[in-house]
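Q: Input: one structure, supplied below.
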Amino acid sequence: MEYVIEMLDVSKKFGTFYANDRITLQLEKGEIHALLGENGAGKSTLMNVLFGLYQPDGGEIRVRGENVAITDPNIANDLGIGMVHQHFMLVENLTVTENIILGSEPTKLGMINIKDSAKKVAEISKMYGLDVDPYAKVEDISVGMQQRVEILKTLYRGADILIFDEPTASLTPQEIEELMNIMRKLVAEGKSIILITHKLQEIMNVSDKVTVIRKGKGIGTVITKETNPEELATLMVGRQVTFKTEKGPSQPTEEVLKIENLVVNDYRGVAKLKELNLSVRRGEIVGIAGIDGNGQSELIEAITGLTKVKSGKIYINSIDVTNKKPRKITETGLGHIPQDRHKHGVVLDFTVGYNAALQSYYHEPYSKGGIMNYKVVNKEATELIKEFDVRTQGVHELARALSGGNQQKLIIGREILRNPDLLIAALPTRGLDVGAIEFIHKRLIEQRDSGKAVLLITFELDEVMNVSDRIAVIHDGAIVGTVIPQETTEQALGLMMAGHSKRAADKKMVDTGKDGDKHHVE
Amino acid sequence: MINIMSNKMINILVPVISIILGLLVGAVVMLISGYDPVAGYTALWDGIFGDSYVIGETIRQISPYILAGLAVAFAFRTGLFNIGVEGQLIVGWFAAAYVGMAFELPKIIHLPLALIAAAVAGALWGLIPGILKAKLHVHEVIVTIMMNYIALHVVNALIKTISGGGFKLDRVQPTASLRSDFLSNLTDFSTLHYGIFVALAMVVVMWFILEKTKSGFELKSVGFNENASQYAGMSVNKNIVMAMVISGAFAGLGGAMEALGTFGTISSMGGFTGIGFDGIAVALLGANTPLGVIFGATLFGSLKYGANNMPNAAGIPIEIVSIIIALVIFFVASGYIIRIGLVRLRKNKKEAK
């Protein structure tokens, strides 16, 4: 068997903490090898060791059978190892070709030779079916295309071992499918791929083998064909994970959120919400399903008071909160898990304790007479950390140092502990692993069961089908229909999200004879 | 834990190594220009610590630097770049000198009144860029730079008008003076005055505002993340204005040091005092923390005052002296490079093990 990369018993220590503890990963030529693990399990550390960004504290690395010391990324490049980063490293206002040659510009008489480079880029692009325009400006192309530019960059530099770091995190379902095809094409042409991910479906779809790591330790390598998502999830988390969220039937009572004919314009005066109506009652979770950009952000911003409402009314607990200040609305009984946690959810350079107090610092007992009582702040934060299983070194650690999942738990804890009547959860599980997702879903359902109203906004069909009691489908700034998850299918939902009315969607399903197989999970 | 400790070590080592490097390069400059670096640095040392008189003068020089540094650091901590400390300091200087001169009151009222006048003047000078930033999103750097020129020329014009065409105001009344016979006698009749206590008190005030008060929580939060702060119900605009006002008040008090302590008056200025601009470096050297500002101000004040002795005692021309001071500060300010060097060194050492 020919291994292009062998990482044998590799360890990496930060202080006394082992981020990687004798992990072994063997990549065969021409395979897609998935590296699976929870957030913070040590996947990125391992890959940074391979890419020369960290030096291992133990173990050995062999590339094509030879022992190597990869002391910096240039050596990794020379060995034909290329990394497609999760956060693209592209210069937005340069063209595709300019980005690709950046750092090693070929020159002719002192001038950059763009033409030849562009030709070479086009050739590679064609060979792997990437379909990238070498002269397009990066800022003009889609996220999926930008990722292909990253792939092209590694190929252009002669990589034949590609590391993909969470490549699907910011892609649409369509783009994910295309990326999978590109990856298959790459291995068909003799490249080898390491795919870092925590998404089980992707692994099942595209990989040949899976190496699982948990809390810095290698759990083992399995052949994809011989496993299933349940087993992988158990290996990854270390315990049984339920995909289907357990919950009893909802018992909705009085109305908490009521939205009437809501119209919101964007800064150019274009209507983003067009006469939207919505109602959420105590004891139910209403899911907003829709394709990104159909007014979800505006809806959240209008309810939370971050944007001006042009016309229409928003009531929380029968109190008119239309165009009120955020704090006023919050005090009416609103909790909000924002969709962009770094922008709206936490202050990254504040400690965990400060962040826990971000919505309540201004009243007693957290402050009194203008003086903060950090003793109480930190004491309550300590309780929050415990109750919501936020993995942190303590209340004095900066929020920046936490993994995404733990930042999210911190936010959710903060919002839930304020005991709001209405909880808005916007993309609450984005970028999180199955363990954290399960935890968050449970918490949302707990809120519902304790008589709170929950509004869930998500782009994940699985999530909206699993967690909601009612689904309101948003399209082009209006709710086009409300359905009960048990009575619909993902296909019918998909049609409604594309703008069909409920009746038309039902009819289409019958016409095509494609009775949607009842929703099932991965 | 080991990591944290060595990080602390690095935090202490960086400024020390920076100063040494600056002095070394300064020595080279002296050698090239044909002067004796040993004599030069001996003169510098004597100029800072030589006897109780120069120590008194050095401490006197440090006071306005502390306040200017606090002003810049406070704005920085709240996400603002206040380059207008110079102007705020000048109007503070004028306000203190005017109130100190124009009224006759018992000391217990007069001195605090003059100090408050300086703080209010500086605060008002900070208020304008604050409002422009909050309401109209005009960048505070541009506005504060321009406000410096306005301050300089307005104050010069006011001095001329009030003094009836002269170039300086009358001296402040003894009831408004920070001068202290006690401190002066203690330091061999230096001009050391009570201002240093005002400055140190303000260090505590800044620490208290930022670390203990609700406003401090909001100011820092807005400085780090406007969006999250706004969502948490804070008024971003109010906090921007408040940050500039407090920053300006610190700067204004810096001016009061000169008006009520060092000079006892204000004279027409041909150009900027430089203290406000040096405050930027003082704040950066001190990593924008109240305690750090004391360190930065001490370095600046000592070098500035001690260097005066180099032309006299070692015959080194004032131009060369200025270059040497600039070099030391340059190296301290580029501590970033030294920090990277140290981190790399530590890394290599670890790997060698």
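Residue numbers start at 1 in each chain; chains themselves are named A, B, ... in the order of the structure tokens; ligands are numbered from 1 in the order shown.
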Only residues of chain B matter here; which ones have an atom within 9 Å of chain A, counting only C-alpha atoms? Give them as a PyMOL selection string.
A: chain B and resi 1-3+209+211-217+220-222+224-234+351
Q: Can you pull out every residue within 10 Å of A:Pro134, counting only C-alpha atoms, but drop anything in the same chain fewer than 5 positions away, and send it as JSON, numbers by chain?
A: {"A": [95, 96, 97, 98, 99, 100, 114, 115, 117, 118, 119, 120, 121, 122, 123, 125, 149]}
Q: Determine which residues of stretch 250-285 of chain A DSSP labels as strand (DSSP E) from the backbone of this structure, then write them out as a PyMOL selection string.
A: chain A and resi 255-265+271-281+285
Q: Using only C-alpha atoms, please write the residues we just selected to a file, as a PDB file, in the first residue's frame.
A:
ATOM      1  CA  GLU A 255     -49.751  34.961  21.805  1.00  0.00           C
ATOM      2  CA  VAL A 256     -46.395  36.488  22.724  1.00  0.00           C
ATOM      3  CA  LEU A 257     -45.131  37.849  19.411  1.00  0.00           C
ATOM      4  CA  LYS A 258     -47.495  39.373  16.935  1.00  0.00           C
ATOM      5  CA  ILE A 259     -46.369  40.992  13.713  1.00  0.00           C
ATOM      6  CA  GLU A 260     -48.832  42.824  11.491  1.00  0.00           C
ATOM      7  CA  ASN A 261     -48.189  43.948   7.930  1.00  0.00           C
ATOM      8  CA  LEU A 262     -44.542  44.628   8.600  1.00  0.00           C
ATOM      9  CA  VAL A 263     -42.679  46.596   5.949  1.00  0.00           C
ATOM     10  CA  VAL A 264     -38.943  47.225   6.214  1.00  0.00           C
ATOM     11  CA  ASN A 265     -36.841  48.956   3.592  1.00  0.00           C
ATOM     12  CA  ALA A 271     -38.595  46.833   0.414  1.00  0.00           C
ATOM     13  CA  LYS A 272     -37.057  43.810   2.129  1.00  0.00           C
ATOM     14  CA  LEU A 273     -40.127  42.866   4.133  1.00  0.00           C
ATOM     15  CA  LYS A 274     -43.431  43.233   2.349  1.00  0.00           C
ATOM     16  CA  GLU A 275     -46.487  43.182   4.580  1.00  0.00           C
ATOM     17  CA  LEU A 276     -45.207  40.311   6.672  1.00  0.00           C
ATOM     18  CA  ASN A 277     -47.522  38.744   9.254  1.00  0.00           C
ATOM     19  CA  LEU A 278     -46.444  36.332  11.954  1.00  0.00           C
ATOM     20  CA  SER A 279     -47.557  35.114  15.323  1.00  0.00           C
ATOM     21  CA  VAL A 280     -45.739  33.047  17.943  1.00  0.00           C
ATOM     22  CA  ARG A 281     -47.487  31.734  21.035  1.00  0.00           C
ATOM     23  CA  ILE A 285     -41.385  26.823  18.489  1.00  0.00           C
TER      24      ILE A 285
END
Q: List the spatial neighbours of B:Glu258 as a PyMOL selection string - criterion: any atom at most 10 Å away, only C-alpha atoms, same-chain residues fewer than 4 positions off excluded.
A: chain B and resi 60-61+63-64+89-90+92-94+96-97+178+195+253-254+262-266
Q: Env of B:Met101: 9 Å cut, atoms = only C-alpha atoms, seq-sep filter 5 positions within chain, self excluded. Answer as a list in words.
A: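 Contacts, with the query itself left out: Ala96, Leu169, Asp170, Arg171, Val172, Gln173, Ala176 and Thr265 of chain B.
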Q: Selection from above, N, CA and C atoms, as a short mmCIF file (atom, residue, chain, number, x, y, z; two decimals), in the first residue's frame, can you write it?
A:
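The file below, out_20.cif, is the result:
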data_model
loop_
_atom_site.label_atom_id
_atom_site.label_comp_id
_atom_site.auth_asym_id
_atom_site.auth_seq_id
_atom_site.Cartn_x
_atom_site.Cartn_y
_atom_site.Cartn_z
N ALA B 96 -6.88 77.49 32.82
CA ALA B 96 -6.35 77.49 34.18
C ALA B 96 -5.62 78.79 34.46
N LEU B 169 -0.06 86.40 29.85
CA LEU B 169 -1.00 86.87 30.86
C LEU B 169 -0.23 87.19 32.13
N ASP B 170 -0.90 87.90 33.04
CA ASP B 170 -0.30 88.11 34.35
C ASP B 170 -0.17 86.77 35.05
N ARG B 171 0.72 86.72 36.02
CA ARG B 171 0.90 85.46 36.74
C ARG B 171 -0.36 85.09 37.50
N VAL B 172 -0.54 83.80 37.71
CA VAL B 172 -1.71 83.35 38.48
C VAL B 172 -1.53 83.78 39.93
N GLN B 173 -2.66 84.02 40.59
CA GLN B 173 -2.61 84.39 42.01
C GLN B 173 -2.00 83.24 42.81
N ALA B 176 -4.14 80.25 43.44
CA ALA B 176 -4.45 79.25 42.42
C ALA B 176 -3.22 78.46 42.04
N THR B 265 1.79 80.81 34.40
CA THR B 265 1.14 81.74 33.47
C THR B 265 1.04 81.07 32.11
#
Q: Skip stretch 135-147 of chain B itself and residues of its chain fewer than 5 positions away, then list as a ChimeraX atom specification all residues within 6 Å of it, counting only C-alpha atoms.
A: /B:83-84,129
Q: Would you mind telling me which residue in B:Val16, B:Ser267, B:Leu80, B:Glu218 lies nearest to B:Gly166 when using only C-alpha atoms?
A: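 Residue with the minimum atom-to-atom distance to B:Gly166: B:Ser267.
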Q: If you run DSSP on this backbone, which residues of stretch 81-148 of chain A come out as helix (DSSP H, G or I), and could you give them as a list in words?
A: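 Checking each residue of stretch 81-148 of chain A, the helix (DSSP H, G or I) ones are Val96, Thr97, Glu98, Asn99, Ile100, Ile101, Ile114, Lys115, Asp116, Ser117, Ala118, Lys119, Lys120, Val121, Ala122, Glu123, Ile124, Ser125, Lys126, Met127, Val138, Glu139, Asp140, Val143, Gly144, Met145, Gln146, Gln147 and Arg148 of chain A.
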Q: Output N, CA and C atoms for every residue in the selection just made, as a short mmCIF file (atom, residue, chain, number, x, y, z; two decimals), in the first residue's frame.
A:
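Output contents, as saved in again_7.cif:
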data_model
loop_
_atom_site.label_atom_id
_atom_site.label_comp_id
_atom_site.auth_asym_id
_atom_site.auth_seq_id
_atom_site.Cartn_x
_atom_site.Cartn_y
_atom_site.Cartn_z
N VAL A 96 -8.57 36.90 -10.35
CA VAL A 96 -8.29 35.52 -9.98
C VAL A 96 -6.81 35.20 -10.23
N THR A 97 -6.34 35.51 -11.43
CA THR A 97 -4.95 35.19 -11.76
C THR A 97 -3.98 35.93 -10.85
N GLU A 98 -4.24 37.20 -10.64
CA GLU A 98 -3.35 37.99 -9.78
C GLU A 98 -3.27 37.38 -8.39
N ASN A 99 -4.41 36.91 -7.90
CA ASN A 99 -4.41 36.28 -6.59
C ASN A 99 -3.59 35.00 -6.58
N ILE A 100 -3.70 34.25 -7.67
CA ILE A 100 -3.02 32.96 -7.71
C ILE A 100 -1.51 33.12 -7.77
N ILE A 101 -1.04 34.12 -8.52
CA ILE A 101 0.41 34.27 -8.65
C ILE A 101 1.00 35.12 -7.53
N ILE A 114 1.15 38.53 -16.86
CA ILE A 114 -0.18 38.06 -16.51
C ILE A 114 -0.73 37.09 -17.54
N LYS A 115 -0.42 37.36 -18.79
CA LYS A 115 -1.05 36.60 -19.86
C LYS A 115 -0.74 35.11 -19.76
N ASP A 116 0.55 34.80 -19.65
CA ASP A 116 0.93 33.39 -19.57
C ASP A 116 0.36 32.73 -18.33
N SER A 117 0.38 33.50 -17.22
CA SER A 117 -0.15 32.95 -15.98
C SER A 117 -1.63 32.64 -16.13
N ALA A 118 -2.35 33.59 -16.73
CA ALA A 118 -3.79 33.41 -16.90
C ALA A 118 -4.07 32.18 -17.76
N LYS A 119 -3.20 31.98 -18.75
CA LYS A 119 -3.38 30.82 -19.62
C LYS A 119 -3.21 29.53 -18.82
N LYS A 120 -2.19 29.53 -17.98
CA LYS A 120 -1.93 28.34 -17.18
C LYS A 120 -3.09 28.11 -16.19
N VAL A 121 -3.57 29.20 -15.61
CA VAL A 121 -4.69 29.08 -14.69
C VAL A 121 -5.89 28.48 -15.40
N ALA A 122 -6.15 28.99 -16.61
CA ALA A 122 -7.29 28.49 -17.37
C ALA A 122 -7.14 27.00 -17.67
N GLU A 123 -5.91 26.60 -17.98
CA GLU A 123 -5.66 25.19 -18.28
C GLU A 123 -5.98 24.30 -17.08
N ILE A 124 -5.42 24.68 -15.94
CA ILE A 124 -5.65 23.88 -14.74
C ILE A 124 -7.14 23.86 -14.42
N SER A 125 -7.75 25.03 -14.54
CA SER A 125 -9.17 25.16 -14.24
C SER A 125 -9.98 24.19 -15.10
N LYS A 126 -9.60 24.10 -16.37
CA LYS A 126 -10.33 23.23 -17.28
C LYS A 126 -10.11 21.76 -16.94
N MET A 127 -8.87 21.43 -16.61
CA MET A 127 -8.50 20.06 -16.35
C MET A 127 -9.31 19.44 -15.20
N VAL A 138 -11.99 39.00 -7.83
CA VAL A 138 -12.44 38.13 -6.75
C VAL A 138 -13.69 38.67 -6.07
N GLU A 139 -13.77 40.02 -5.95
CA GLU A 139 -14.93 40.58 -5.24
C GLU A 139 -16.23 40.38 -6.03
N ASP A 140 -16.09 40.07 -7.32
CA ASP A 140 -17.30 39.91 -8.14
C ASP A 140 -17.80 38.47 -8.19
N VAL A 143 -18.97 33.03 -3.32
CA VAL A 143 -18.13 32.39 -2.31
C VAL A 143 -17.62 31.04 -2.81
N GLY A 144 -18.50 30.29 -3.48
CA GLY A 144 -18.10 28.99 -4.01
C GLY A 144 -16.96 29.12 -5.01
N MET A 145 -17.07 30.15 -5.85
CA MET A 145 -16.03 30.38 -6.85
C MET A 145 -14.72 30.79 -6.17
N GLN A 146 -14.84 31.61 -5.13
CA GLN A 146 -13.64 32.05 -4.43
C GLN A 146 -12.90 30.85 -3.84
N GLN A 147 -13.69 29.89 -3.39
CA GLN A 147 -13.05 28.70 -2.85
C GLN A 147 -12.29 27.95 -3.94
N ARG A 148 -12.89 27.95 -5.14
CA ARG A 148 -12.20 27.27 -6.24
C ARG A 148 -10.90 27.98 -6.57
#
